[in-house]
Every structure is written in C-alpha cells, then in structure tokens.
$ cat protein_36.cif   # mmCIF, C-alpha atoms
data_target
#
loop_
_atom_site.label_atom_id
_atom_site.label_comp_id
_atom_site.auth_asym_id
_atom_site.auth_seq_id
_atom_site.Cartn_x
_atom_site.Cartn_y
_atom_site.Cartn_z
CA MET A 1 0.00 0.00 0.00
CA ASN A 2 1.07 3.61 -0.66
CA HIS A 3 3.33 4.55 2.23
CA LEU A 4 1.66 7.97 2.57
CA VAL A 5 -1.79 6.37 2.52
CA SER A 6 -0.61 3.71 4.95
CA ILE A 7 0.40 6.38 7.41
CA ALA A 8 -2.98 8.05 7.06
CA LEU A 9 -4.95 4.88 7.64
CA LEU A 10 -2.77 3.60 10.44
CA PHE A 11 -2.67 6.96 12.19
CA LEU A 12 -6.44 7.15 12.06
CA ALA A 13 -6.59 3.76 13.71
CA TYR A 14 -4.12 4.73 16.42
CA GLY A 15 -5.48 8.14 17.34
CA GLY A 16 -3.77 10.42 14.82
CA ALA A 17 -0.38 10.73 16.46
CA ALA A 18 1.66 13.52 14.86
CA PHE A 19 5.32 13.63 13.87
CA PRO A 20 7.87 12.93 15.22
CA ILE A 21 6.90 9.36 16.07
CA ALA A 22 9.73 7.24 14.67
CA GLY A 23 11.33 6.83 18.07
CA GLN A 24 8.21 6.45 20.21
CA SER A 25 8.16 3.03 21.82
CA ASN A 26 4.37 2.99 22.28
CA VAL A 27 3.71 3.33 18.56
CA PRO A 28 3.42 0.13 16.47
CA SER A 29 6.53 -0.68 14.47
CA GLU A 30 4.67 -0.47 11.13
CA ILE A 31 3.69 3.14 11.80
CA ARG A 32 7.22 4.04 12.89
CA GLU A 33 8.56 2.49 9.68
CA MET A 34 6.13 4.45 7.53
CA ALA A 35 7.07 7.68 9.30
CA ARG A 36 10.74 6.88 8.74
CA LYS A 37 10.12 6.47 5.01
CA VAL A 38 8.44 9.81 4.39
CA MET A 39 11.19 11.58 6.31
CA MET A 40 13.86 10.18 3.98
CA PRO A 41 15.30 12.59 1.37
CA ILE A 42 15.13 11.88 -2.34
CA VAL A 43 17.97 9.81 -3.77
CA TYR A 44 19.39 12.51 -6.05
CA ASN A 45 21.26 15.65 -5.06
CA ILE A 46 23.39 18.33 -6.67
CA PRO A 47 25.91 20.90 -5.41
CA GLY A 48 24.40 23.99 -3.82
CA MET A 49 21.43 22.36 -2.11
CA ASP A 50 22.91 23.29 1.28
CA LYS A 51 23.13 26.94 0.22
CA VAL A 52 19.45 27.28 -0.67
CA ARG A 53 17.57 29.90 1.33
CA VAL A 54 14.35 28.72 2.97
CA VAL A 55 11.52 31.03 3.99
CA PRO A 56 9.38 28.87 6.31
CA ASN A 57 5.79 28.79 7.51
CA LEU A 58 4.23 31.43 5.30
CA LYS A 59 0.49 31.90 5.81
CA TYR A 60 -0.99 31.45 2.34
CA THR A 61 -4.70 31.06 3.23
CA THR A 62 -7.15 32.68 5.60
CA THR A 63 -7.56 29.50 7.65
CA THR A 64 -6.76 29.63 11.35
CA ASP A 65 -5.16 26.18 11.28
CA PRO A 66 -1.44 26.84 11.98
CA ASN A 67 -0.49 23.65 10.11
CA ILE A 68 -1.74 25.01 6.77
CA ALA A 69 1.44 26.81 5.81
CA MET A 70 3.97 27.18 3.00
CA ASP A 71 7.75 27.11 2.65
CA MET A 72 9.67 28.88 -0.12
CA TYR A 73 13.02 27.51 -1.33
CA LEU A 74 15.02 30.27 -3.02
CA PRO A 75 18.12 29.89 -5.20
CA PRO A 76 21.23 31.22 -3.46
CA GLU A 77 22.11 34.81 -4.35
CA SER A 78 19.32 35.10 -6.91
CA VAL A 79 18.48 38.61 -8.11
CA GLU A 80 16.46 37.77 -11.22
CA LYS A 81 12.97 36.35 -11.41
CA ARG A 82 12.80 32.58 -11.59
CA PRO A 83 10.07 30.11 -12.51
CA ALA A 84 8.27 28.49 -9.58
CA VAL A 85 7.82 24.75 -9.04
CA ILE A 86 4.88 24.09 -6.71
CA PHE A 87 4.76 20.69 -4.97
CA ILE A 88 1.40 19.09 -4.18
CA HIS A 89 1.71 16.30 -1.62
CA GLY A 90 -0.54 13.26 -1.38
CA GLY A 91 -3.37 12.74 1.09
CA ALA A 92 -2.42 13.35 4.73
CA LYS A 93 -3.84 15.04 7.80
CA PRO A 94 -2.68 18.69 8.07
CA GLU A 95 -1.28 18.14 11.56
CA TRP A 96 1.34 15.84 10.06
CA THR A 97 2.66 18.88 8.09
CA PRO A 98 3.75 17.03 4.94
CA LYS A 99 5.69 20.08 3.74
CA ASP A 100 8.21 19.23 6.48
CA TRP A 101 8.72 15.62 5.39
CA GLY A 102 12.18 14.80 4.10
CA ILE A 103 10.90 13.86 0.66
CA TYR A 104 9.53 17.37 0.08
CA THR A 105 12.21 19.40 1.83
CA SER A 106 14.85 17.67 -0.31
CA TRP A 107 12.83 18.20 -3.49
CA GLY A 108 12.47 21.87 -2.55
CA ARG A 109 16.21 22.25 -2.12
CA LEU A 110 16.91 20.34 -5.34
CA VAL A 111 14.76 22.56 -7.56
CA ALA A 112 16.06 25.75 -5.89
CA ALA A 113 19.66 24.65 -6.43
CA SER A 114 18.66 23.99 -10.04
CA GLY A 115 17.58 27.60 -10.52
CA PHE A 116 13.85 27.49 -9.73
CA VAL A 117 11.90 28.76 -6.77
CA GLY A 118 10.62 25.70 -4.91
CA VAL A 119 7.29 25.86 -3.10
CA THR A 120 6.06 23.24 -0.64
CA PHE A 121 2.88 23.63 1.36
CA THR A 122 0.57 21.65 3.59
CA HIS A 123 -3.02 21.43 2.38
CA ARG A 124 -6.26 19.75 3.43
CA LEU A 125 -6.42 16.84 0.97
CA GLU A 126 -6.90 13.78 3.21
CA TYR A 127 -7.12 10.67 1.06
CA PRO A 128 -9.41 8.81 1.20
CA LYS A 129 -11.49 11.28 3.24
CA ARG A 130 -14.05 13.55 1.58
CA SER A 131 -11.68 16.43 0.96
CA LEU A 132 -11.27 17.13 -2.78
CA GLU A 133 -12.89 20.57 -2.64
CA ALA A 134 -10.93 21.62 0.44
CA GLY A 135 -7.67 20.41 -1.09
CA ALA A 136 -8.39 22.18 -4.38
CA ALA A 137 -9.19 25.43 -2.57
CA ASP A 138 -5.82 25.27 -0.82
CA VAL A 139 -3.95 24.52 -4.04
CA VAL A 140 -5.60 27.52 -5.74
CA SER A 141 -4.75 29.68 -2.71
CA ALA A 142 -1.14 28.51 -2.84
CA ILE A 143 -0.82 29.37 -6.53
CA ASN A 144 -2.44 32.76 -5.97
CA TYR A 145 -0.13 33.47 -3.04
CA VAL A 146 2.97 32.68 -5.09
CA ARG A 147 1.78 34.87 -7.96
CA SER A 148 0.67 37.80 -5.79
CA ASN A 149 3.99 37.75 -3.92
CA ALA A 150 6.09 37.22 -7.04
CA ASP A 151 8.08 40.43 -6.68
CA LYS A 152 8.91 39.75 -3.04
CA TYR A 153 10.38 36.31 -3.76
CA ASN A 154 11.76 36.97 -7.28
CA VAL A 155 9.25 34.66 -8.93
CA ASP A 156 8.16 34.92 -12.54
CA LYS A 157 4.42 34.63 -11.94
CA ASP A 158 3.80 33.57 -15.54
CA ARG A 159 6.14 30.55 -15.44
CA ILE A 160 4.83 27.95 -13.02
CA CYS A 161 5.09 24.17 -12.88
CA LEU A 162 2.79 22.03 -10.74
CA ILE A 163 4.13 18.67 -9.56
CA ALA A 164 1.81 16.26 -7.74
CA PHE A 165 2.53 13.03 -5.91
CA SER A 166 0.32 10.03 -5.20
CA ALA A 167 -3.19 11.02 -4.08
CA GLY A 168 -2.37 14.63 -5.00
CA GLY A 169 -2.78 13.72 -8.68
CA PRO A 170 -6.41 14.94 -8.87
CA MET A 171 -5.20 18.47 -8.12
CA LEU A 172 -3.43 18.54 -11.50
CA SER A 173 -6.86 18.78 -13.10
CA LEU A 174 -6.96 22.41 -11.96
CA ALA A 175 -4.30 23.24 -14.56
CA MET A 176 -5.95 21.28 -17.40
CA ARG A 177 -9.07 23.38 -17.92
CA GLY A 178 -7.68 26.19 -20.05
CA ASP A 179 -7.89 29.00 -17.50
CA THR A 180 -4.37 28.87 -16.01
CA PRO A 181 -2.07 30.05 -18.84
CA TYR A 182 0.68 30.77 -16.31
CA VAL A 183 1.02 27.03 -15.58
CA LYS A 184 3.47 26.08 -18.31
CA CYS A 185 3.91 22.41 -17.44
CA ILE A 186 2.69 19.77 -15.01
CA VAL A 187 4.41 16.74 -13.50
CA GLY A 188 2.98 13.65 -11.85
CA PHE A 189 5.06 11.24 -9.76
CA TYR A 190 3.15 7.99 -9.14
CA ALA A 191 -0.02 10.12 -9.12
CA PHE A 192 -3.68 9.20 -9.63
CA MET A 193 -4.83 10.19 -13.13
CA ASP A 194 -8.32 8.75 -12.70
CA ILE A 195 -9.92 8.57 -9.25
CA ARG A 196 -13.28 7.16 -10.27
CA GLN A 197 -12.14 3.65 -9.28
CA SER A 198 -10.06 4.71 -6.29
CA ASP A 199 -11.07 4.85 -2.64
CA TYR A 200 -12.19 8.42 -3.26
CA SER A 201 -15.25 6.84 -4.89
CA LYS A 202 -16.45 5.71 -1.45
CA VAL A 203 -16.81 9.26 -0.13
CA GLU A 204 -17.15 11.68 -3.07
CA GLU A 205 -20.01 12.21 -5.56
CA SER A 206 -19.57 10.83 -9.07
CA GLU A 207 -19.57 14.28 -10.69
CA LYS A 208 -16.82 15.44 -8.37
CA LEU A 209 -14.78 12.33 -9.09
CA LYS A 210 -15.10 13.05 -12.78
CA ALA A 211 -14.21 16.73 -12.39
CA PHE A 212 -11.04 15.90 -10.44
CA SER A 213 -9.87 13.02 -12.65
CA PRO A 214 -7.19 14.37 -15.01
CA ILE A 215 -8.14 11.74 -17.59
CA THR A 216 -11.53 13.39 -18.16
CA SER A 217 -9.81 16.61 -19.25
CA LEU A 218 -8.65 14.73 -22.35
CA GLU A 219 -12.25 14.47 -23.52
CA LYS A 220 -12.74 18.26 -23.55
CA ASP A 221 -10.08 20.26 -25.37
CA PRO A 222 -6.63 18.64 -25.13
CA ARG A 223 -5.08 21.88 -26.34
CA ASN A 224 -5.80 23.30 -22.89
CA ILE A 225 -3.38 20.81 -21.35
CA PRO A 226 0.18 22.08 -20.89
CA PRO A 227 3.12 19.72 -21.50
CA MET A 228 3.15 16.83 -19.05
CA PHE A 229 5.76 14.58 -17.45
CA ILE A 230 4.38 11.37 -15.92
CA ALA A 231 6.54 9.06 -13.79
CA ARG A 232 5.26 5.56 -13.00
CA ALA A 233 6.42 3.07 -10.38
CA GLY A 234 6.43 -0.37 -11.99
CA LEU A 235 5.87 -2.15 -8.65
CA ASP A 236 3.40 0.37 -7.27
CA GLU A 237 1.35 -1.31 -4.57
CA VAL A 238 -1.50 1.23 -4.42
CA PRO A 239 -4.72 -0.29 -5.80
CA THR A 240 -5.82 1.16 -9.20
CA MET A 241 -2.85 3.57 -9.28
CA ASN A 242 -0.96 2.14 -12.26
CA ASP A 243 -4.18 1.31 -14.06
CA SER A 244 -5.16 4.98 -13.86
CA ILE A 245 -1.73 6.06 -15.12
CA ASP A 246 -1.64 3.51 -17.95
CA ARG A 247 -5.07 4.50 -19.23
CA PHE A 248 -4.24 8.18 -19.00
CA VAL A 249 -0.98 7.81 -20.93
CA SER A 250 -2.67 5.77 -23.66
CA ARG A 251 -5.52 8.24 -24.00
CA ALA A 252 -3.22 11.28 -23.89
CA ILE A 253 -1.11 9.90 -26.73
CA SER A 254 -4.22 9.27 -28.81
CA LYS A 255 -5.18 12.92 -28.22
CA ASN A 256 -1.69 14.09 -29.26
CA VAL A 257 -0.92 15.69 -25.90
CA ALA A 258 2.68 16.78 -25.32
CA LEU A 259 3.56 13.98 -22.91
CA THR A 260 6.86 12.70 -21.53
CA PHE A 261 6.60 9.32 -19.82
CA ALA A 262 9.08 7.63 -17.51
CA ASN A 263 8.67 4.16 -16.03
CA HIS A 264 10.72 2.67 -13.20
CA PRO A 265 10.28 -1.10 -13.76
CA SER A 266 11.41 -2.05 -10.25
CA GLY A 267 10.29 1.14 -8.53
CA VAL A 268 7.92 1.11 -5.57
CA HIS A 269 5.45 3.84 -4.72
CA GLY A 270 7.70 6.67 -3.61
CA PHE A 271 10.69 5.41 -5.61
CA ASP A 272 12.25 8.89 -5.65
CA ASN A 273 13.18 8.45 -1.98
CA GLN A 274 12.83 4.66 -1.61
CA ASN A 275 14.68 3.13 -4.57
CA ASN A 276 18.28 4.31 -4.27
CA ASP A 277 19.28 3.30 -7.79
CA ASP A 278 20.34 4.76 -11.12
CA ARG A 279 16.87 4.59 -12.64
CA SER A 280 15.38 6.72 -9.85
CA ARG A 281 18.11 9.30 -10.30
CA GLU A 282 17.67 9.26 -14.06
CA ILE A 283 13.94 9.94 -13.77
CA ILE A 284 14.51 12.81 -11.33
CA ARG A 285 17.13 14.32 -13.67
CA ASN A 286 14.77 13.96 -16.62
CA ALA A 287 11.98 15.64 -14.67
CA LEU A 288 14.26 18.59 -13.94
CA ALA A 289 15.26 18.81 -17.60
CA PHE A 290 11.58 18.74 -18.57
CA MET A 291 10.83 21.62 -16.20
CA ARG A 292 13.83 23.57 -17.43
CA SER A 293 12.80 23.14 -21.06
CA ASN A 294 9.14 24.07 -20.57
CA LEU A 295 9.90 26.93 -18.22
CA SER A 296 12.40 28.30 -20.75
CA MET A 297 15.56 27.80 -18.76
CA LYS A 298 19.02 26.80 -19.88
CA LYS A 299 21.37 24.73 -17.76
CA ASP A 300 24.54 26.66 -16.93
CA ASN A 301 26.01 25.75 -13.56
CA GLN A 302 22.42 25.21 -12.39
CA THR A 303 21.42 28.82 -13.06
CA ASN A 304 18.84 30.41 -15.29
CA VAL A 305 20.45 32.34 -18.11
CA ALA A 306 17.31 32.84 -20.17
CA LYS A 307 17.07 36.38 -21.55
CA GLU A 308 13.67 38.04 -21.39
CA MET A 309 12.02 41.10 -22.89
CA SER A 310 8.44 42.17 -22.26
CA VAL A 311 6.54 44.93 -24.10
CA SER A 312 2.94 46.10 -23.61
CA ARG A 313 0.84 48.36 -25.80
CA VAL A 314 -2.82 49.42 -25.79
CA PHE A 315 -4.71 49.39 -29.12
CA ASP A 316 -7.92 51.30 -29.77
CA ALA A 317 -9.86 48.24 -30.85
CA PRO A 318 -11.70 45.37 -29.13
CA VAL A 319 -9.89 42.12 -28.34
CA SER A 320 -11.80 40.25 -31.05
CA GLU A 321 -10.34 42.55 -33.73
CA VAL A 322 -6.78 42.74 -32.36
CA TRP A 323 -6.72 38.93 -32.11
CA LYS A 324 -7.15 38.70 -35.89
CA TYR A 325 -3.86 40.57 -36.43
CA TRP A 326 -2.06 37.65 -34.80
CA THR A 327 -4.03 34.79 -36.32
CA GLU A 328 -5.13 35.72 -39.86
CA ILE A 329 -2.57 35.70 -42.67
CA GLU A 330 -3.82 38.83 -44.44
CA LYS A 331 -3.66 40.90 -41.27
CA VAL A 332 -0.33 39.50 -40.01
CA MET A 333 1.21 40.44 -43.35
CA LYS A 334 0.26 44.11 -42.78
CA TRP A 335 2.55 44.63 -39.81
CA TRP A 336 5.01 41.81 -39.07
CA GLY A 337 8.64 42.07 -40.09
CA PRO A 338 11.20 44.80 -40.85
CA VAL A 339 10.33 47.95 -42.75
CA GLY A 340 11.06 47.57 -46.47
CA PHE A 341 10.47 43.81 -46.51
CA ARG A 342 7.60 42.03 -48.25
CA LEU A 343 6.07 39.42 -45.95
CA LEU A 344 4.85 36.00 -47.02
CA VAL A 345 3.01 33.76 -44.58
CA SER A 346 1.86 30.18 -45.09
CA ASN A 347 -0.10 27.70 -43.05
CA MET A 348 -1.70 29.97 -40.43
CA ASP A 349 -5.06 28.20 -40.25
CA LEU A 350 -5.32 28.22 -36.45
CA PRO A 351 -6.01 26.15 -34.50
CA ALA A 352 -5.95 23.39 -37.10
CA SER A 353 -2.36 24.23 -38.02
CA TYR A 354 0.31 24.18 -35.34
CA LYS A 355 3.25 25.54 -37.32
CA SER A 356 3.47 28.51 -39.66
CA LEU A 357 6.24 29.59 -42.01
CA VAL A 358 6.82 33.35 -42.13
CA SER A 359 9.23 34.79 -44.71
CA ALA A 360 10.39 38.39 -45.07
CA HIS A 361 11.62 39.23 -48.58
CA PRO A 362 13.84 42.34 -48.88
CA LEU A 363 13.94 44.65 -51.87
CA PRO A 364 16.38 43.29 -54.51
CA GLU A 365 18.64 46.33 -54.30
CA SER A 366 19.06 46.05 -50.53
CA GLY A 367 21.53 43.16 -50.71
CA VAL A 368 19.99 41.71 -47.54
CA HIS A 369 19.25 38.00 -47.07
CA GLU A 370 15.70 36.72 -47.19
CA LEU A 371 14.65 35.92 -43.61
CA SER A 372 12.34 33.03 -42.73
CA ASN A 373 11.01 31.78 -39.43
CA THR A 374 8.83 28.95 -38.28
CA TRP A 375 6.21 29.68 -35.65
CA ALA A 376 5.55 26.51 -33.65
CA TYR A 377 2.45 27.00 -31.53
CA LYS A 378 2.51 25.58 -27.99
CA ARG A 379 -0.69 26.99 -26.57
CA ILE A 380 -3.71 28.87 -27.94
CA VAL A 381 -6.46 30.28 -25.72
CA PRO A 382 -8.78 32.17 -28.09
CA GLU A 383 -8.71 35.94 -27.57
CA LYS A 384 -6.59 35.49 -24.41
CA GLU A 385 -3.17 34.03 -25.13
CA ILE A 386 -0.92 32.67 -27.87
CA GLU A 387 2.32 30.91 -27.01
CA PHE A 388 4.67 29.98 -29.82
CA VAL A 389 8.34 29.44 -30.51
CA ILE A 390 10.03 31.28 -33.36
CA ALA A 391 13.02 29.60 -35.00
CA PHE A 392 15.23 30.71 -37.87
CA ALA A 393 14.55 28.53 -40.89
CA GLY A 394 15.26 28.09 -44.56
CA LYS A 395 12.73 29.05 -47.21
CA ASP A 396 11.04 25.66 -46.95
CA GLY A 397 10.97 25.63 -43.14
CA GLU A 398 14.10 23.55 -42.63
CA LYS A 399 16.43 24.25 -39.70
CA LEU A 400 19.02 26.84 -40.64
CA ASP A 401 22.67 27.28 -39.69
CA LEU A 402 22.76 30.86 -38.41
CA ALA A 403 26.34 31.24 -39.62
CA THR A 404 25.01 31.31 -43.18
CA LEU A 405 23.23 34.56 -42.33
CA GLY A 406 26.33 36.13 -40.85
CA LEU A 407 24.72 36.40 -37.42
CA PRO A 408 26.75 36.45 -34.19
CA ALA A 409 27.56 33.08 -32.65
CA ASP A 410 25.46 33.82 -29.54
CA THR A 411 22.30 34.57 -31.54
CA PRO A 412 19.54 32.32 -30.15
CA GLN A 413 18.25 29.69 -32.54
CA VAL A 414 14.78 29.85 -31.01
CA VAL A 415 12.82 32.50 -29.12
CA ARG A 416 9.70 31.72 -27.13
CA HIS A 417 6.87 34.24 -27.40
CA VAL A 418 3.90 34.58 -25.07
CA VAL A 419 1.31 37.07 -26.28
CA THR A 420 -1.55 37.97 -23.96
CA PHE A 421 -4.66 40.01 -24.74
CA ARG A 422 -6.59 41.96 -22.10
CA ALA A 423 -9.73 44.06 -22.56
CA VAL A 424 -9.37 47.57 -21.13
CA GLY A 425 -12.53 49.65 -21.46
CA GLY A 426 -13.27 48.72 -25.07
CA LYS A 427 -9.58 48.79 -25.99
CA THR A 428 -7.04 45.97 -25.93
CA GLU A 429 -3.79 45.73 -24.02
CA VAL A 430 -1.36 43.38 -25.75
CA THR A 431 1.70 42.14 -23.86
CA VAL A 432 4.45 40.30 -25.72
CA LYS A 433 7.04 38.46 -23.67
CA ASN A 434 10.07 37.06 -25.49
CA VAL A 435 12.36 34.53 -23.86
CA SER A 436 15.53 33.36 -25.56
CA ALA A 437 17.88 30.72 -24.17
#
$ encode --input "protein_36.cif" --output "structure tokens"
Amino acid sequence: MNHLVSIALLFLAYGGAAFPIAGQSNVPSEIREMARKVMMPIVYNIPGMDKVRVVPNLKYTTTTDPNIAMDMYLPPESVEKRPAVIFIHGGAKPEWTPKDWGIYTSWGRLVAASGFVGVTFTHRLEYPKRSLEAGAADVVSAINYVRSNADKYNVDKDRICLIAFSAGGPMLSLAMRGDTPYVKCIVGFYAFMDIRQSDYSKVEESEKLKAFSPITSLEKDPRNIPPMFIARAGLDEVPTMNDSIDRFVSRAISKNVALTFANHPSGVHGFDNQNNDDRSREIIRNALAFMRSNLSMKKDNQTNVAKEMSVSRVFDAPVSEVWKYWTEIEKVMKWWGPVGFRLLVSNMDLPASYKSLVSAHPLPESGVHELSNTWAYKRIVPEKEIEFVIAFAGKDGEKLDLATLGLPADTPQVVRHVVTFRAVGGKTEVTVKNVSA
C-alpha cells in the first residue's frame, strides 16, 4: 500500500499521532517504519542544495489552522525572477505537516539549487477522506499566493510548474481546464490520473470524481493541457494507481498531448526516496530537464540564463479585432517584419495548423538576405493568449545554420513568445514576452 496512505490509515486507527513518532516506543513498528520512510530525502542531489535559502511557515490562506502553511526555497544569491515549481503532496492530515517531510524538503532544495523557486505547502487533501474541494481550494490559494507575492520572492508569476505526488494527482486537473495560462507544465510522480475507481469513490459524488480526474480533461479540449511529465512506479502497490496512469498515458497519446513518460520497472510507490538506484536518479534528472525546457531555462552551472524582454501596448480596438492581427494571414502580413520587406506567410489556419512559415523578402537592391522563421504553436487560448516558438529557418521551413546569415555566434536559434490580450474599457492591451535561451 502507498506509504503515505498507509500512514494516514494507520494513524487514524491509532489516534492520529503527529510527527515525530519514529522513536516512540508505544507506537506500532509499522507506523514508525512508515514515518521513517516519508522523512527520507530523495535519492538525487546536486551541489548547492545546502546553500538554498528557505523562507518557512508562510500563511498562504485565511484559515486559522497553523499547520496550513507554505515554505519557499530560493536559489542562493538570486536577483532575477525565476520560474516556480509548486509541490502538491498526497493525502495526509494537516497536523502531520507534509511540507516538512524529508521527501519534500529535499525536493524543494533540489529545484532551488537547479535555478527554480521551490514551493512546498501543507493542504487539506486527506485521502481517502471527503476532501477534494478543500484540497483544491488550498492549491488555488497557494498558486495565488505565489503569484501575488512574485516580486517579493523573485518569482516569474507567468512561469509555473505544478508537480503532484500520489493522491495529490487529482489536483493537476486544476491546470488542465484552459484558465491557467501561467502554468506552463505539469508533472505527476506515481499520481492518480483517474480517481473514479479509487477509494475516493467511497466518499465523493460521481460528478466530483469526474471533475477531479485528469483523464476526463482529455475528452474536452486537449489543447488546454500544458506539457506533461508522468513518472510511473512499476511495482506500485497502491490499488488502481498504475491502471489509472496507464489508461491516462494511452488516452493522452491518442489525443496528441505533449507527454513525456518515464517508467521505473522495479520502482515502488515513492521510488524517488525509496529506490536508491540509477533509474530513480535518471527519472529525477529527466523531470528537472523537462521543467527547465518548458519553463524556458538553460542549464549553466544550475542557473537560469534565459534572456527576457516584455513589451505592452494598448490598441484602440476590441480584443476580437486585435486577435485577428495575430491569427489571420492577411492581417499579419500588414505589420510583421522589418520595414522595407515584403512578408509572405503560409499555413496559419489556427487552431488546425500548429506551425506557420513566415518569410520576409527584402527589396532586390538592398543586398539583404531573405529571412524566414517557423512559428511553432505551444498553446492557444482564443482571444486570451498565444504561445509559440520562433526559430530561424530556410525558405522551406528547414532548420538553418545561423552562420550562413552572418549572425553572431550567440544569436539564439529559437525564441519563445507569449502574447496575452486583455480588454481595457473597449480597448485591448497586448503584452508580448520574449524569452531566448
């Protein structure tokens, strides 16, 4: 059985003793062993984890329960804004303060030493108790707290990753509905992807089970789902866990979701701190690389060297009209590109097309090269946000060696663009954020 769930069930049976209990002689050995396991750190570490700054016990909700609190893990000597990685623990009573367990404190230090801001928090999801709504409210509050305090903690509020463990998997559904464009990727470690057959079904209504099962999001609009990384424990002992993951992965692939899958054939539930082997470390490294890629970071001595530029402008037109100048070929051709160039655009039939080829043709007498780019779309929320990656390309869309254009060696091959549209009294504020790495 899931070691986190085991603790919950056994603690309920023995009066809800709180940590620390590992050394208490009056507590059954099985409970002491389970407590010992969750306090173990993950099996992968990197230099600098001991230098991470921790801001503990932040009050992120209005609840009076002192156990509902948050810790921030900040990169050492960071002065620039970093993406945030928010950890969602599995089901446990708040008085056990899961944010303080070794598995999460070590994860927090790992991501901070890797250049992110790590966020761990205790919430009210108590698997298999009736608690989905309470847990979801706390997760939303945690995200809102991180974003509203972004300047204080040097967080880029528009680059967030959610990572859920075990019974926390249902909380990932909150980022799969199309209304959280700031969540750029989601990660699940041995996490429930369908709770309709789990023990949640004994205490929650069927509609709620459906709403909080990530697999049901695939039946709506898969384009609302940010890139995903799913890690599976091959020897997972939690009933229905791997079945839910296997069905989700199969369905997600059929829906063409951007999915990265990692299986640990001999891994148990909680392999990241229980299986001290190369495969566990490889999966953790791959998860970090996935976050770095989707949060637009570049590995350089574990620091973020992505270069950003953000520009906002207000147009005297409604959002519906301004949107067309980013999505319709005839209108894009009226403004995109350098002055004196003739623009040609192909394949911009959004959302059916997910890559466009944009070419700027100079006047013959200018002696300037023709410039072409591909626009690879990552996310489209109609009249709200477009996220795409621009890459230098040849005239037919092929990858181009920048040296052939005489560009400097440090010119980025790709530049990520996030364009947001906001109605302002009948006008439209457009913000373009460029990130090159």
$ closest_residue --input "protein_36.cif" --among "A:Leu125, A:Met193, A:Met34, A:Ala262" --to "A:Lys210" --atoms "only C-alpha atoms"
A:Met193
$ resolve_selection --input "protein_36.cif" --expression "the PyMOL selection byres ((chain A and resi 147) around 12)" --output "JSON, numbers by chain"
{"A": [60, 81, 82, 83, 84, 85, 86, 117, 119, 140, 141, 142, 143, 144, 145, 146, 148, 149, 150, 151, 152, 153, 154, 155, 156, 157, 158, 159, 160, 180, 182, 183]}
$ resolve_selection --input "protein_36.cif" --expression "the PyMOL selection byres ((chain A and resi 211) around 12)" --output "number ranges by chain"
A: 132-133, 136, 170-174, 176-177, 193-196, 204-210, 212-220
$ residues_around --input "protein_36.cif" --residues "A:Ile103" --least-positions-apart "3" --cutoff "10 Å" --atoms "all atoms listed in the file" --output "JSON, numbers by chain"
{"A": [37, 38, 39, 40, 41, 42, 43, 89, 98, 99, 100, 106, 107, 108, 270, 272, 273, 274]}
$ resolve_selection --input "protein_36.cif" --expression "the PyMOL selection byres ((chain A and resi 167) around 6)" --output "compact mmCIF listing (two decimals) with C-alpha atoms, keeping the file's coordinate frame"
# COMPACT_ATOMS: atom_id res chain seq x y z
CA GLY A 90 -0.54 13.26 -1.38
CA GLY A 91 -3.37 12.74 1.09
CA SER A 166 0.32 10.03 -5.20
CA GLY A 168 -2.37 14.63 -5.00
CA GLY A 169 -2.78 13.72 -8.68
CA PHE A 192 -3.68 9.20 -9.63
$ closest_residue --input "protein_36.cif" --among "A:Thr431, A:Ser29, A:Thr120, A:Asn275" --to "A:Ile68" --atoms "only C-alpha atoms"
A:Thr120
$ decode --input "protein_36.cif" --residues "stretch 206-220 of chain A" --atoms "C-alpha atoms" --output "compact mmCIF listing (two decimals), in the first residue's frame"
# COMPACT_ATOMS: atom_id res chain seq x y z
CA SER A 206 -19.57 10.83 -9.07
CA GLU A 207 -19.57 14.28 -10.69
CA LYS A 208 -16.82 15.44 -8.37
CA LEU A 209 -14.78 12.33 -9.09
CA LYS A 210 -15.10 13.05 -12.78
CA ALA A 211 -14.21 16.73 -12.39
CA PHE A 212 -11.04 15.90 -10.44
CA SER A 213 -9.87 13.02 -12.65
CA PRO A 214 -7.19 14.37 -15.01
CA ILE A 215 -8.14 11.74 -17.59
CA THR A 216 -11.53 13.39 -18.16
CA SER A 217 -9.81 16.61 -19.25
CA LEU A 218 -8.65 14.73 -22.35
CA GLU A 219 -12.25 14.47 -23.52
CA LYS A 220 -12.74 18.26 -23.55
